[in-house]
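Text of the file start_27.cif, holding mmCIF, C-alpha atoms:
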```
data_input
#
loop_
_atom_site.label_atom_id
_atom_site.label_comp_id
_atom_site.auth_asym_id
_atom_site.auth_seq_id
_atom_site.Cartn_x
_atom_site.Cartn_y
_atom_site.Cartn_z
CA MET Y 906 8.51 9.71 -3.02
CA ILE Y 907 7.41 11.29 -6.30
CA GLY Y 908 9.80 8.90 -8.02
CA ALA Y 909 8.12 5.93 -6.35
CA GLU Y 910 4.66 7.19 -7.25
CA LEU Y 911 5.73 7.87 -10.86
CA SER Y 912 7.19 4.39 -11.01
CA LYS Y 913 3.85 2.97 -9.82
CA LEU Y 914 1.85 4.92 -12.39
CA VAL Y 915 3.96 4.07 -15.41
CA SER Y 916 4.27 0.38 -14.50
CA LEU Y 917 0.49 0.03 -14.36
CA PRO Y 918 -0.71 -1.22 -17.76
CA ALA Y 919 -4.12 0.40 -17.19
CA THR Y 920 -2.48 3.85 -17.27
CA TRP Y 921 -1.34 3.33 -20.86
CA THR Y 922 -4.53 1.61 -21.99
CA THR Y 923 -6.58 4.52 -20.67
CA LEU Y 924 -4.36 7.22 -22.17
CA GLY Y 925 -4.02 5.41 -25.50
CA SER Y 926 -7.72 4.80 -25.94
CA THR Y 927 -8.56 8.36 -24.87
CA LEU Y 928 -6.27 9.82 -27.51
CA ALA Y 929 -7.57 7.41 -30.15
CA ALA Y 930 -11.17 8.24 -29.27
CA ASN Y 931 -10.41 11.94 -29.38
CA VAL Y 932 -8.88 11.73 -32.86
CA LEU Y 933 -11.73 9.56 -34.09
CA LEU Y 934 -14.38 11.86 -32.64
CA THR Y 935 -12.77 14.90 -34.24
CA PHE Y 936 -13.32 13.24 -37.64
CA VAL Y 937 -16.80 12.00 -36.81
CA ILE Y 938 -18.03 15.29 -35.44
CA ALA Y 939 -16.16 16.87 -38.36
CA VAL Y 940 -16.81 20.39 -37.11
CA GLY Y 941 -14.10 19.57 -34.59
CA ASP Y 942 -16.20 21.35 -32.06
CA THR Y 943 -15.91 19.56 -28.73
CA PRO Y 944 -14.56 16.01 -28.92
CA VAL Y 945 -12.92 16.90 -25.59
CA ALA Y 946 -16.39 16.83 -24.05
CA TYR Y 947 -16.18 13.07 -24.46
CA SER Y 948 -12.43 12.55 -24.11
CA ARG Y 949 -12.51 14.04 -20.64
CA ALA Y 950 -14.09 10.75 -19.54
CA GLY Y 951 -10.73 9.08 -20.17
CA PHE Y 952 -8.95 11.54 -17.90
CA ILE Y 953 -11.46 10.96 -15.14
CA VAL Y 954 -10.84 7.23 -15.42
CA LEU Y 955 -7.07 7.84 -15.25
CA GLY Y 956 -7.43 9.91 -12.07
CA VAL Y 957 -9.70 7.45 -10.31
CA LEU Y 958 -7.46 4.53 -11.33
CA ALA Y 959 -4.34 6.24 -9.99
CA THR Y 960 -5.66 6.27 -6.44
CA CYS Y 961 -8.05 3.30 -6.44
CA SER Y 962 -5.41 0.92 -7.82
CA GLU Y 963 -3.80 1.12 -4.36
CA TYR Y 964 -6.68 -0.97 -3.08
CA THR Y 965 -5.94 -3.94 -5.35
CA GLY Y 966 -3.96 -6.84 -3.90
CA GLY Y 967 -3.49 -5.03 -0.61
CA GLN Y 968 -0.95 -2.67 -2.17
CA ILE Y 969 -2.13 0.13 0.12
CA ARG Y 970 -0.53 -1.70 3.06
CA THR Y 971 2.79 -1.81 1.24
CA THR Y 972 2.49 1.86 0.31
CA LEU Y 973 1.70 3.00 3.83
CA THR Y 974 4.34 0.85 5.51
CA VAL Y 975 7.11 2.10 3.22
CA MET Y 976 5.80 5.71 3.13
CA PRO Y 977 3.97 6.12 6.45
CA ARG Y 978 3.65 9.92 6.26
CA ARG Y 979 0.34 9.76 4.53
CA VAL Y 980 -0.31 13.36 3.50
CA ARG Y 981 3.15 13.63 1.96
CA GLN Y 982 2.74 10.31 0.18
CA LEU Y 983 -0.63 11.34 -1.24
CA ALA Y 984 0.73 14.71 -2.33
CA ALA Y 985 3.57 12.87 -4.09
CA LYS Y 986 1.02 10.66 -5.83
CA HIS Y 987 -0.96 13.65 -7.05
CA ALA Y 988 2.20 15.37 -8.25
CA ALA Y 989 3.24 12.24 -10.14
CA LEU Y 990 -0.21 12.01 -11.65
CA ALA Y 991 0.00 15.62 -12.82
CA VAL Y 992 3.40 14.92 -14.36
CA VAL Y 993 1.96 12.03 -16.39
CA THR Y 994 -1.31 13.81 -17.19
CA LEU Y 995 0.00 17.19 -18.41
CA PRO Y 996 1.75 15.98 -21.58
CA ALA Y 997 -1.14 13.64 -22.37
CA ALA Y 998 -3.59 16.51 -21.91
CA VAL Y 999 -1.51 18.72 -24.21
CA VAL Y 1000 -1.56 16.02 -26.88
CA VAL Y 1001 -5.31 15.54 -26.59
CA ALA Y 1002 -5.98 19.29 -26.48
CA LEU Y 1003 -3.83 19.81 -29.56
CA SER Y 1004 -5.01 16.83 -31.57
CA GLY Y 1005 -8.49 18.20 -32.31
CA PRO Y 1006 -7.43 21.68 -33.45
CA LEU Y 1007 -4.50 20.22 -35.45
CA ILE Y 1008 -6.80 17.93 -37.38
CA VAL Y 1009 -9.22 20.78 -37.97
CA LEU Y 1010 -6.29 22.89 -39.17
CA ALA Y 1011 -5.24 20.16 -41.59
CA VAL Y 1012 -8.76 19.53 -42.92
CA LEU Y 1013 -10.43 22.94 -42.79
CA GLY Y 1014 -7.49 25.30 -42.47
CA THR Y 1015 -8.87 26.92 -39.30
CA PRO Y 1016 -5.90 28.22 -37.25
CA VAL Y 1017 -5.11 26.66 -33.88
CA GLY Y 1018 -6.14 28.79 -30.91
CA LEU Y 1019 -3.22 28.43 -28.49
CA TRP Y 1020 -5.10 29.98 -25.59
CA GLN Y 1021 -7.87 27.46 -26.10
CA VAL Y 1022 -5.36 24.58 -26.16
CA ALA Y 1023 -3.88 25.80 -22.89
CA GLU Y 1024 -7.31 26.08 -21.32
CA VAL Y 1025 -8.32 22.57 -22.41
CA THR Y 1026 -5.01 21.19 -21.09
CA ALA Y 1027 -5.55 22.78 -17.69
CA TYR Y 1028 -9.16 21.62 -17.67
CA LEU Y 1029 -8.24 17.99 -18.36
CA THR Y 1030 -5.43 17.99 -15.79
CA LEU Y 1031 -7.66 19.42 -13.07
CA LEU Y 1032 -10.37 16.93 -13.94
CA THR Y 1033 -7.84 14.09 -13.54
CA LEU Y 1034 -6.92 15.36 -10.07
CA VAL Y 1035 -10.63 15.53 -9.16
CA GLY Y 1036 -10.86 11.90 -10.28
CA ALA Y 1037 -7.90 11.03 -8.02
CA ALA Y 1038 -9.43 12.82 -5.02
CA VAL Y 1039 -12.77 11.08 -5.50
CA GLY Y 1040 -10.88 7.79 -5.87
CA VAL Y 1041 -9.22 8.35 -2.48
CA LEU Y 1042 -12.59 9.03 -0.87
CA LEU Y 1043 -14.47 6.09 -2.40
CA ARG Y 1044 -11.62 3.53 -2.73
CA HIS Y 1045 -13.56 1.84 -5.51
CA THR Y 1046 -12.77 2.39 -9.19
CA LEU Y 1047 -16.21 1.67 -10.63
CA ALA Y 1048 -18.02 3.71 -7.99
CA GLY Y 1049 -15.68 6.66 -8.53
CA VAL Y 1050 -15.88 6.59 -12.30
CA GLY Y 1051 -19.65 6.09 -12.19
CA LEU Y 1052 -20.19 8.98 -9.80
CA LEU Y 1053 -18.02 11.41 -11.77
CA LEU Y 1054 -19.27 10.49 -15.23
CA GLY Y 1055 -22.84 10.59 -13.95
CA GLY Y 1056 -22.19 13.98 -12.44
CA LEU Y 1057 -20.48 15.34 -15.53
CA PHE Y 1058 -22.76 13.98 -18.25
CA VAL Y 1059 -26.09 13.63 -16.49
CA ALA Y 1060 -26.29 16.02 -13.55
CA ALA Y 1061 -24.06 18.88 -14.75
CA PRO Y 1062 -26.28 19.92 -17.70
CA PHE Y 1063 -29.19 20.38 -15.27
CA VAL Y 1064 -27.38 22.51 -12.72
CA HIS Y 1065 -25.30 24.25 -15.35
CA GLU Y 1066 -27.15 27.57 -15.19
CA TYR Y 1067 -26.73 27.85 -11.42
CA LEU Y 1068 -22.97 27.36 -11.52
CA PRO Y 1069 -20.31 29.78 -12.62
CA ASP Y 1070 -18.25 28.94 -15.68
CA GLU Y 1071 -17.17 25.26 -15.71
CA MET Y 1072 -13.49 26.18 -15.55
CA VAL Y 1073 -14.03 28.44 -12.54
CA THR Y 1074 -15.98 25.70 -10.77
CA LEU Y 1075 -13.15 23.26 -11.42
CA VAL Y 1076 -10.38 25.61 -10.29
CA VAL Y 1077 -12.21 26.14 -7.00
CA SER Y 1078 -13.41 22.60 -6.38
CA THR Y 1079 -10.18 20.72 -7.21
CA PRO Y 1080 -8.09 21.98 -4.28
CA VAL Y 1081 -11.06 21.65 -1.94
CA LEU Y 1082 -11.56 18.02 -2.94
CA LEU Y 1083 -7.83 17.28 -2.70
CA ILE Y 1084 -7.72 18.66 0.84
CA VAL Y 1085 -10.86 16.77 1.93
CA ALA Y 1086 -9.40 13.58 0.44
CA ALA Y 1087 -6.07 14.09 2.23
CA LEU Y 1088 -7.80 14.66 5.58
CA ALA Y 1089 -9.87 11.49 5.21
CA TYR Y 1090 -6.82 9.54 4.06
CA ARG Y 1091 -4.76 10.69 7.04
CA ARG Y 1092 -7.37 9.76 9.62
CA ARG Y 1093 -8.76 6.44 8.57
CA ASP Y 1094 -7.59 2.89 9.09
CA ALA Y 1095 -5.83 1.71 5.95
CA MET R 600 28.25 -1.56 1.23
CA TRP R 601 25.01 0.13 0.31
CA PHE R 602 23.81 0.57 3.87
CA ARG R 603 25.43 2.62 6.58
CA ARG R 604 24.86 1.74 10.18
CA PRO R 605 26.98 1.98 13.30
CA ALA R 606 28.71 -1.32 13.96
CA GLY R 607 27.35 -3.61 16.62
CA TRP R 608 23.86 -3.17 17.99
CA LEU R 609 21.23 -2.70 15.32
CA GLY R 610 18.43 -1.48 17.55
CA GLY R 611 14.94 -2.66 16.84
CA VAL R 612 13.19 -2.97 20.19
CA ILE R 613 9.41 -3.18 19.81
CA THR R 614 7.47 -1.89 22.80
CA ILE R 615 3.71 -2.19 22.81
CA ASP R 616 1.77 -0.84 25.77
CA GLY R 617 -1.90 -0.62 26.70
CA LEU R 618 -3.34 -0.83 23.19
CA VAL R 619 -7.10 -0.44 23.08
CA LYS R 620 -9.01 -0.68 19.83
CA ARG R 621 -12.76 -0.72 19.34
CA ARG R 622 -14.55 -1.48 16.14
CA GLY R 623 -18.31 -1.28 15.76
CA GLY R 624 -18.82 -0.95 19.52
CA LYS R 625 -16.81 -4.09 20.14
CA GLU R 626 -13.50 -4.00 21.96
CA ILE R 627 -11.00 -5.87 19.78
CA LEU R 628 -7.96 -5.00 21.88
CA ALA R 629 -8.35 -4.48 25.60
CA GLY R 630 -4.97 -3.15 26.75
CA VAL R 631 -2.46 -5.21 24.78
CA GLY R 632 1.15 -4.82 25.81
CA PHE R 633 4.37 -6.77 25.26
CA GLU R 634 7.93 -6.38 24.05
CA ALA R 635 9.95 -7.96 21.24
CA ARG R 636 13.71 -7.74 21.51
CA PRO R 637 16.67 -7.83 19.11
CA GLY R 638 18.37 -11.17 18.58
CA ARG R 639 15.19 -13.09 19.30
CA VAL R 640 12.25 -14.51 17.41
CA THR R 641 9.06 -13.55 19.21
CA GLY R 642 5.97 -15.60 18.42
CA PHE R 643 2.68 -13.75 18.79
CA LEU R 644 0.14 -16.51 19.17
CA GLY R 645 -3.59 -16.64 19.44
CA PRO R 646 -6.70 -18.10 17.88
CA ASN R 647 -8.21 -16.46 14.81
CA GLY R 648 -9.88 -13.19 15.71
CA ALA R 649 -7.94 -12.80 18.96
CA GLY R 650 -6.45 -9.45 17.88
CA LYS R 651 -3.07 -10.43 16.38
CA SER R 652 -3.49 -8.66 13.06
CA SER R 653 -5.09 -5.61 14.67
CA THR R 654 -2.11 -5.28 17.00
CA LEU R 655 0.41 -5.61 14.17
CA ARG R 656 -1.52 -3.15 11.98
CA ILE R 657 -1.42 -0.56 14.75
CA LEU R 658 2.29 -1.22 15.27
CA LEU R 659 2.84 -0.55 11.54
CA GLY R 660 0.83 2.66 11.54
CA LEU R 661 -1.89 1.21 9.33
CA ASP R 662 -4.65 1.42 11.93
CA ARG R 663 -5.11 3.83 14.82
CA ALA R 664 -5.53 2.71 18.40
CA HIS R 665 -8.01 4.43 20.67
CA SER R 666 -5.34 4.48 23.35
CA GLY R 667 -1.96 2.98 24.13
CA THR R 668 1.35 3.07 22.30
CA ALA R 669 3.27 0.88 19.86
CA LEU R 670 6.88 1.97 19.43
CA VAL R 671 9.98 0.89 17.51
CA ASP R 672 13.09 2.05 19.37
CA GLY R 673 10.89 4.47 21.26
CA VAL R 674 9.32 6.04 18.16
CA PRO R 675 5.85 5.50 16.69
CA TYR R 676 6.07 3.85 13.27
CA THR R 677 4.70 6.85 11.40
CA ARG R 678 7.54 9.00 12.73
CA LEU R 679 10.43 6.65 11.92
CA ALA R 680 13.20 8.50 10.09
CA ASP R 681 13.78 5.66 7.66
CA PRO R 682 10.96 3.09 7.83
CA VAL R 683 12.14 0.82 5.00
CA ARG R 684 15.57 0.33 6.57
CA THR R 685 14.12 -0.03 10.06
CA VAL R 686 11.10 -2.34 9.72
CA GLY R 687 10.12 -4.87 7.08
CA ALA R 688 6.48 -5.96 7.14
CA VAL R 689 4.87 -9.07 5.71
CA LEU R 690 1.09 -8.91 5.93
CA ASP R 691 -1.47 -11.18 4.28
CA GLY R 692 -1.36 -11.57 0.51
CA SER R 693 1.38 -10.25 -1.75
CA GLY R 694 0.84 -6.55 -1.04
CA ALA R 695 1.28 -5.95 -4.76
CA HIS R 696 -1.09 -4.90 -7.55
CA ARG R 697 -1.90 -7.90 -9.73
CA SER R 698 -1.18 -6.23 -13.07
CA ARG R 699 2.35 -5.15 -12.14
CA THR R 700 5.28 -7.54 -12.49
CA GLY R 701 7.06 -8.69 -9.35
CA ARG R 702 10.12 -6.70 -10.36
CA ALA R 703 8.12 -3.51 -11.05
CA HIS R 704 6.56 -3.82 -7.60
CA LEU R 705 9.95 -4.12 -5.90
CA ARG R 706 11.32 -1.25 -7.96
CA TRP R 707 8.78 1.29 -6.80
CA VAL R 708 9.34 0.25 -3.19
CA ALA R 709 13.11 0.59 -3.68
CA ARG R 710 12.59 4.07 -5.18
CA SER R 711 10.44 5.13 -2.23
CA ALA R 712 13.44 4.73 0.07
CA ALA R 713 16.14 5.69 -2.45
CA LEU R 714 17.58 2.17 -2.32
CA PRO R 715 19.82 1.11 -5.19
CA LEU R 716 17.81 -0.86 -7.76
CA SER R 717 20.43 -3.64 -7.54
CA ARG R 718 18.77 -4.56 -4.24
CA VAL R 719 15.71 -5.67 -6.23
CA ASP R 720 17.59 -8.52 -7.91
CA GLU R 721 19.30 -9.42 -4.64
CA VAL R 722 16.03 -9.93 -2.76
CA LEU R 723 14.44 -11.70 -5.72
CA ALA R 724 17.29 -14.21 -5.64
CA LEU R 725 17.08 -14.47 -1.86
CA VAL R 726 13.45 -15.64 -1.91
CA GLY R 727 13.83 -17.65 -5.11
CA LEU R 728 11.65 -15.50 -7.37
CA THR R 729 14.25 -14.52 -9.97
CA ASP R 730 12.60 -16.59 -12.70
CA ALA R 731 9.15 -15.14 -11.99
CA ALA R 732 10.31 -11.52 -11.69
CA ALA R 733 9.03 -10.52 -15.14
CA LYS R 734 5.65 -12.17 -14.61
CA ARG R 735 2.60 -10.25 -13.47
CA VAL R 736 1.71 -10.76 -9.83
CA GLY R 737 -1.80 -11.84 -10.87
CA GLY R 738 -0.25 -15.01 -12.27
CA TYR R 739 1.60 -15.87 -9.05
CA SER R 740 0.60 -18.78 -6.84
CA LEU R 741 -0.27 -18.08 -3.22
CA GLY R 742 3.22 -19.17 -2.15
CA MET R 743 4.91 -16.94 -4.75
CA GLY R 744 2.84 -13.98 -3.54
CA ARG R 745 4.07 -14.65 -0.02
CA ARG R 746 7.66 -14.81 -1.24
CA LEU R 747 7.20 -11.47 -3.02
CA ALA R 748 5.87 -9.96 0.21
CA LEU R 749 8.95 -11.27 2.04
CA ALA R 750 11.24 -9.89 -0.68
CA THR R 751 9.55 -6.49 -0.29
CA ALA R 752 10.12 -6.56 3.45
CA LEU R 753 13.80 -7.38 2.99
CA LEU R 754 14.61 -4.65 0.46
CA GLY R 755 15.95 -2.25 3.09
CA ASP R 756 17.70 -5.03 5.09
CA PRO R 757 15.74 -3.80 8.13
CA SER R 758 16.63 -4.40 11.77
CA VAL R 759 13.06 -5.50 12.50
CA LEU R 760 10.83 -7.97 10.68
CA VAL R 761 7.12 -8.05 11.44
CA LEU R 762 5.24 -10.94 9.88
CA ASP R 763 1.53 -11.70 10.08
CA GLU R 764 0.92 -15.44 9.64
CA PRO R 765 4.03 -15.86 7.45
CA LEU R 766 3.57 -19.61 7.09
CA ASN R 767 0.06 -19.40 5.62
CA GLY R 768 -0.11 -20.61 2.04
CA LEU R 769 3.42 -21.98 1.98
CA ASP R 770 4.32 -25.51 0.93
CA PRO R 771 6.52 -27.57 3.30
CA GLU R 772 9.64 -26.40 1.51
CA GLY R 773 8.54 -22.78 1.86
CA ILE R 774 7.79 -23.25 5.56
CA ARG R 775 11.24 -24.72 6.12
CA PHE R 776 12.83 -21.85 4.21
CA VAL R 777 11.00 -19.17 6.21
CA ARG R 778 11.79 -20.82 9.54
CA THR R 779 15.49 -21.17 8.80
CA PHE R 780 15.57 -17.67 7.43
CA LEU R 781 13.92 -16.10 10.48
CA ARG R 782 16.28 -17.95 12.83
CA GLU R 783 19.22 -16.53 10.89
CA ARG R 784 17.81 -13.00 11.08
CA ALA R 785 17.58 -13.31 14.85
CA ARG R 786 21.06 -14.80 15.10
CA SER R 787 22.45 -11.75 13.29
CA GLY R 788 21.02 -9.54 16.05
CA ARG R 789 17.78 -8.52 14.38
CA THR R 790 14.28 -8.49 15.83
CA VAL R 791 11.69 -10.89 14.45
CA LEU R 792 8.04 -10.67 15.48
CA LEU R 793 5.64 -13.09 13.87
CA SER R 794 2.03 -13.95 14.50
CA SER R 795 0.53 -17.37 14.04
CA HIS R 796 -2.38 -19.55 15.03
CA LEU R 797 -0.37 -22.69 14.27
CA MET R 798 1.39 -23.75 17.46
CA GLY R 799 3.06 -26.90 16.23
CA GLU R 800 4.78 -25.04 13.41
CA LEU R 801 6.30 -22.52 15.75
CA ALA R 802 7.76 -24.30 18.73
CA GLU R 803 11.10 -24.87 16.99
CA THR R 804 11.33 -21.35 15.60
CA VAL R 805 10.55 -18.98 18.46
CA ASP R 806 12.56 -17.88 21.49
CA ASP R 807 9.85 -15.84 23.17
CA VAL R 808 6.11 -16.33 23.14
CA VAL R 809 3.25 -13.89 23.64
CA VAL R 810 -0.22 -15.40 23.78
CA ILE R 811 -3.27 -13.28 23.03
CA ASP R 812 -6.89 -14.32 23.50
CA ARG R 813 -9.96 -12.17 22.90
CA GLY R 814 -7.97 -8.95 22.89
CA ARG R 815 -5.96 -9.64 26.04
CA ILE R 816 -2.45 -10.95 26.59
CA VAL R 817 -2.83 -14.16 28.60
CA ALA R 818 0.83 -15.17 28.77
CA SER R 819 4.25 -13.94 27.75
CA GLY R 820 7.81 -15.01 28.35
CA THR R 821 10.41 -17.36 26.98
CA LEU R 822 9.25 -20.50 25.23
CA ALA R 823 10.12 -22.54 28.33
CA GLU R 824 8.32 -20.16 30.66
CA VAL R 825 5.11 -20.15 28.64
CA THR R 826 5.16 -23.90 28.06
CA GLY R 827 5.67 -24.40 31.79
CA GLU R 828 4.24 -27.64 33.16
CA HIS R 829 2.56 -28.50 29.88
CA ARG R 830 3.79 -31.19 27.56
CA ASN R 831 4.45 -28.70 24.77
CA LEU R 832 3.57 -25.24 23.50
CA GLU R 833 0.43 -26.50 21.83
CA ASP R 834 -0.96 -27.92 25.09
CA ALA R 835 -0.04 -24.76 26.95
CA PHE R 836 -1.76 -22.71 24.28
CA PHE R 837 -5.03 -24.60 24.52
CA ALA R 838 -4.95 -24.45 28.30
CA LEU R 839 -4.39 -20.69 28.18
CA THR R 840 -7.04 -19.98 25.58
CA SER R 841 -9.63 -22.56 26.59
CA GLY R 842 -13.21 -21.41 26.47
CA SER R 843 -12.58 -19.09 23.54
CA GLY R 844 -15.09 -21.02 21.49
CA ARG R 845 -12.78 -23.25 19.51
#
```

Would you put the structure from the file into C-alpha cells?
Amino acid sequence: MIGAELSKLVSLPATWTTLGSTLAANVLLTFVIAVGDTPVAYSRAGFIVLGVLATCSEYTGGQIRTTLTVMPRRVRQLAAKHAALAVVTLPAAVVVALSGPLIVLAVLGTPVGLWQVAEVTAYLTLLTLVGAAVGVLLRHTLAGVGLLLGGLFVAAPFVHEYLPDEMVTLVVSTPVLLIVAALAYRRRDA
Amino acid sequence: MWFRRPAGWLGGVITIDGLVKRRGGKEILAGVGFEARPGRVTGFLGPNGAGKSSTLRILLGLDRAHSGTALVDGVPYTRLADPVRTVGAVLDGSGAHRSRTGRAHLRWVARSAALPLSRVDEVLALVGLTDAAAKRVGGYSLGMGRRLALATALLGDPSVLVLDEPLNGLDPEGIRFVRTFLRERARSGRTVLLSSHLMGELAETVDDVVVIDRGRIVASGTLAEVTGEHRNLEDAFFALTSGSGR
C-alpha cells in the first residue's frame, strides 16, 4: 500500500513543482535576507502546500472512489499515504534545512549547526503531515492551504506567547490531528 | 499465469439485503434487497435519483448504510481479502486525477494489489487506450475517461464487475464494445452488475433485471419475468415506475 501511495505522490506533477519552487525560494531568500537567519520561516509554506496537496488531490476526478475501492481498509490506506508522504518529504526537508546554512557557510564562513539542521528537518516534516491531516478534514486544497498559512503567518504571532515552544506544539499537535483525521476519514461517506 | 484461483467456480455472488440509507432526513433507500449471480448480467434499472448509485456505493464500501447488508460471497466489501482481484468497479467519470497519465494511474492501482505491472499494458490494449496511455487524463474525452475506468476495474481480472451507468458518455462503437464485453464476462462465469436508466440499451445485454423506484425494489427476476405481459422491457419499466414524476 505504501508503494501505491508513493507511486501516486511521485506521479503527481504538483509534488515536484511544489518541492522545486520551495527549494528555489529558500535559496533565493537566503541571499536576499543575507543574514541567512530564517528563510525557512517562509519556505515552510511550500511544505504545507505539499501536505495539503497529498491528501486533497484524492478529491480530483473522483480518484478517492478508486482509492477506496482498491484499498477499502481506510485507516491503513491513510497511514500508508502519510508514510509515503514522510518518505518523500524527509529528504526534501533535509535539502531545504541544509541549503540556508550551507550558503551562509560559503558566503560568511559561519559553521553549519547540525543540530539546528536536524531540528528544521523534523519541523518541516511534521508541518507537512499537519498539512496532510488538515487536507483530509477539509477535502479542499485552497481551503486547507488558506487555513494553515493564515494560522501560521497571521494568527500564530498573536497567540505565540501563550503557547509553548513552536516545536513542542507541533510534536504534540501532529499526532492528534492525524488521529482526528483518520477517525473522520473512516466514518464518513467517500 | 499471473493469477491463482481454484479451477471451476469463480465465486462472486452479490447479496444485498434490507439496505436503508437516509440523507438529510430523506430516506434514499427504504430496504433495498436483491441478488446478482455468477454467469449472469444483472441490470439494475431505475429512473435518475431512484437510489441506484447509492446502493452500488454502499456495496463497494464507499458509503455506509443505516441498516441492512451488502455482501460479496458473504463478506462485506471492506473486509474482502483481495478486493482488486474480487471486484472491479466502474463509477462515474474516470476515477483518475487529471494531471496523471493514464498509465501512471493504472500503475498505482496495480501496485496497491501487488499486480505485475505488465497487467497495465494488457488492460490498456483491452480497452483500446494504448495510444493515449502517456497522455494526461485531463486531456481525455469523456469516452476515453470511461475506458480508463473500465481498464482500472479489469486490472485484477476480478470475478465481479460492478458498473454504474457504464454506457453514459460512450459513442455507439463504445456502447457496442461494452455490451459485447460484458456478455463475454458473464459467459466466462463471472458476475456482472450494471445500473442504467436507459432501458432500450439494455434489453439485449442483461439476463436478470432488478427495478428500483424511489428507494424501493419494484420488480426483480429474469428479463422475461420482469417484461411479463408488456411489449418490451421499456414498457414494463414505465408501467412499474409510473407516477415517479417523469

Closest-contact table, chain R side, partner chain Y, 6 Å, counting all atoms listed in the file, as a tab-separated table:
```
residue	atom	partner	partner_atom	distance
R:Leu661	CA	Y:Ala1095	CA	5.2
R:Asp662	CA	Y:Asp1094	CA	4.3
R:Thr677	CA	Y:Pro977	CA	5.1
R:Val683	CA	Y:Val975	CA	5.5
R:Gly694	CA	Y:Gln968	CA	4.4
R:Ala695	CA	Y:Gln968	CA	4.7
R:His696	CA	Y:Gly966	CA	5.0
R:Arg699	CA	Y:Leu917	CA	5.9
R:Trp707	CA	Y:Ala909	CA	4.7
R:Arg710	CA	Y:Ala909	CA	5.0
R:Ser711	CA	Y:Ala909	CA	4.8
```

Given all atoms listed in the file, how would the per-residue table for segment 937-999 of chain Y near segment 1038-1045 of chain Y read, listing every residue at most 7 Å away with its closest atom pair and distance in Å to one decimal, sorted by chain and number, as a tab-separated table?
```
residue	atom	partner	partner_atom	distance
Y:Val957	CA	Y:Gly1040	CA	4.6
Y:Thr960	CA	Y:Gly1040	CA	5.5
Y:Cys961	CA	Y:Arg1044	CA	5.2
Y:Tyr964	CA	Y:Arg1044	CA	6.7
```

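Relative to atom CA of Arg678 of chain R, atom CA of Gly660 of chain R is found at 9.3 Å.
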
Determine the residue membership of the PyMOL selection byres ((chain R and resi 655) around 10) for the file above and supply it as a ChimeraX atom specification. /R:615,643,650-654,656-662,669,688,690,761-763,792-794

So that I have them on file, write out the residues from the current selection with C-alpha atoms, as a PDB file, in the frame of the given file.
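result-v2.pdb written:
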```
ATOM      1  CA  ILE R 615       3.710  -2.190  22.810  1.00  0.00           C
ATOM      2  CA  PHE R 643       2.680 -13.750  18.790  1.00  0.00           C
ATOM      3  CA  GLY R 650      -6.450  -9.450  17.880  1.00  0.00           C
ATOM      4  CA  LYS R 651      -3.070 -10.430  16.380  1.00  0.00           C
ATOM      5  CA  SER R 652      -3.490  -8.660  13.060  1.00  0.00           C
ATOM      6  CA  SER R 653      -5.090  -5.610  14.670  1.00  0.00           C
ATOM      7  CA  THR R 654      -2.110  -5.280  17.000  1.00  0.00           C
ATOM      8  CA  ARG R 656      -1.520  -3.150  11.980  1.00  0.00           C
ATOM      9  CA  ILE R 657      -1.420  -0.560  14.750  1.00  0.00           C
ATOM     10  CA  LEU R 658       2.290  -1.220  15.270  1.00  0.00           C
ATOM     11  CA  LEU R 659       2.840  -0.550  11.540  1.00  0.00           C
ATOM     12  CA  GLY R 660       0.830   2.660  11.540  1.00  0.00           C
ATOM     13  CA  LEU R 661      -1.890   1.210   9.330  1.00  0.00           C
ATOM     14  CA  ASP R 662      -4.650   1.420  11.930  1.00  0.00           C
ATOM     15  CA  ALA R 669       3.270   0.880  19.860  1.00  0.00           C
ATOM     16  CA  ALA R 688       6.480  -5.960   7.140  1.00  0.00           C
ATOM     17  CA  LEU R 690       1.090  -8.910   5.930  1.00  0.00           C
ATOM     18  CA  VAL R 761       7.120  -8.050  11.440  1.00  0.00           C
ATOM     19  CA  LEU R 762       5.240 -10.940   9.880  1.00  0.00           C
ATOM     20  CA  ASP R 763       1.530 -11.700  10.080  1.00  0.00           C
ATOM     21  CA  LEU R 792       8.040 -10.670  15.480  1.00  0.00           C
ATOM     22  CA  LEU R 793       5.640 -13.090  13.870  1.00  0.00           C
ATOM     23  CA  SER R 794       2.030 -13.950  14.500  1.00  0.00           C
TER      24      SER R 794
END
```

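Selection result for the displayed file, with the PyMOL selection byres ((chain R and resi 618-620) around 7) as criterion, is R:Asp616, R:Gly617, R:Arg621, R:Arg622, R:Glu626, R:Ile627, R:Leu628, R:Ala629, R:Gly630, R:Val631, R:Gly632, R:Ala664, R:His665, R:Ser666, R:Gly667, R:Thr668.
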
Using all atoms listed in the file, the shortest atom-to-atom distance to Arg745 of chain R among R:Gly673, R:Arg684, R:Ser693, R:Asp770 belongs to R:Ser693

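Ranking R:Leu760, R:Leu714, R:Val810, R:Ala823 by their shortest atom-to-atom distance to Ala838 of chain R, with all atoms listed in the file included, puts R:Val810 first.
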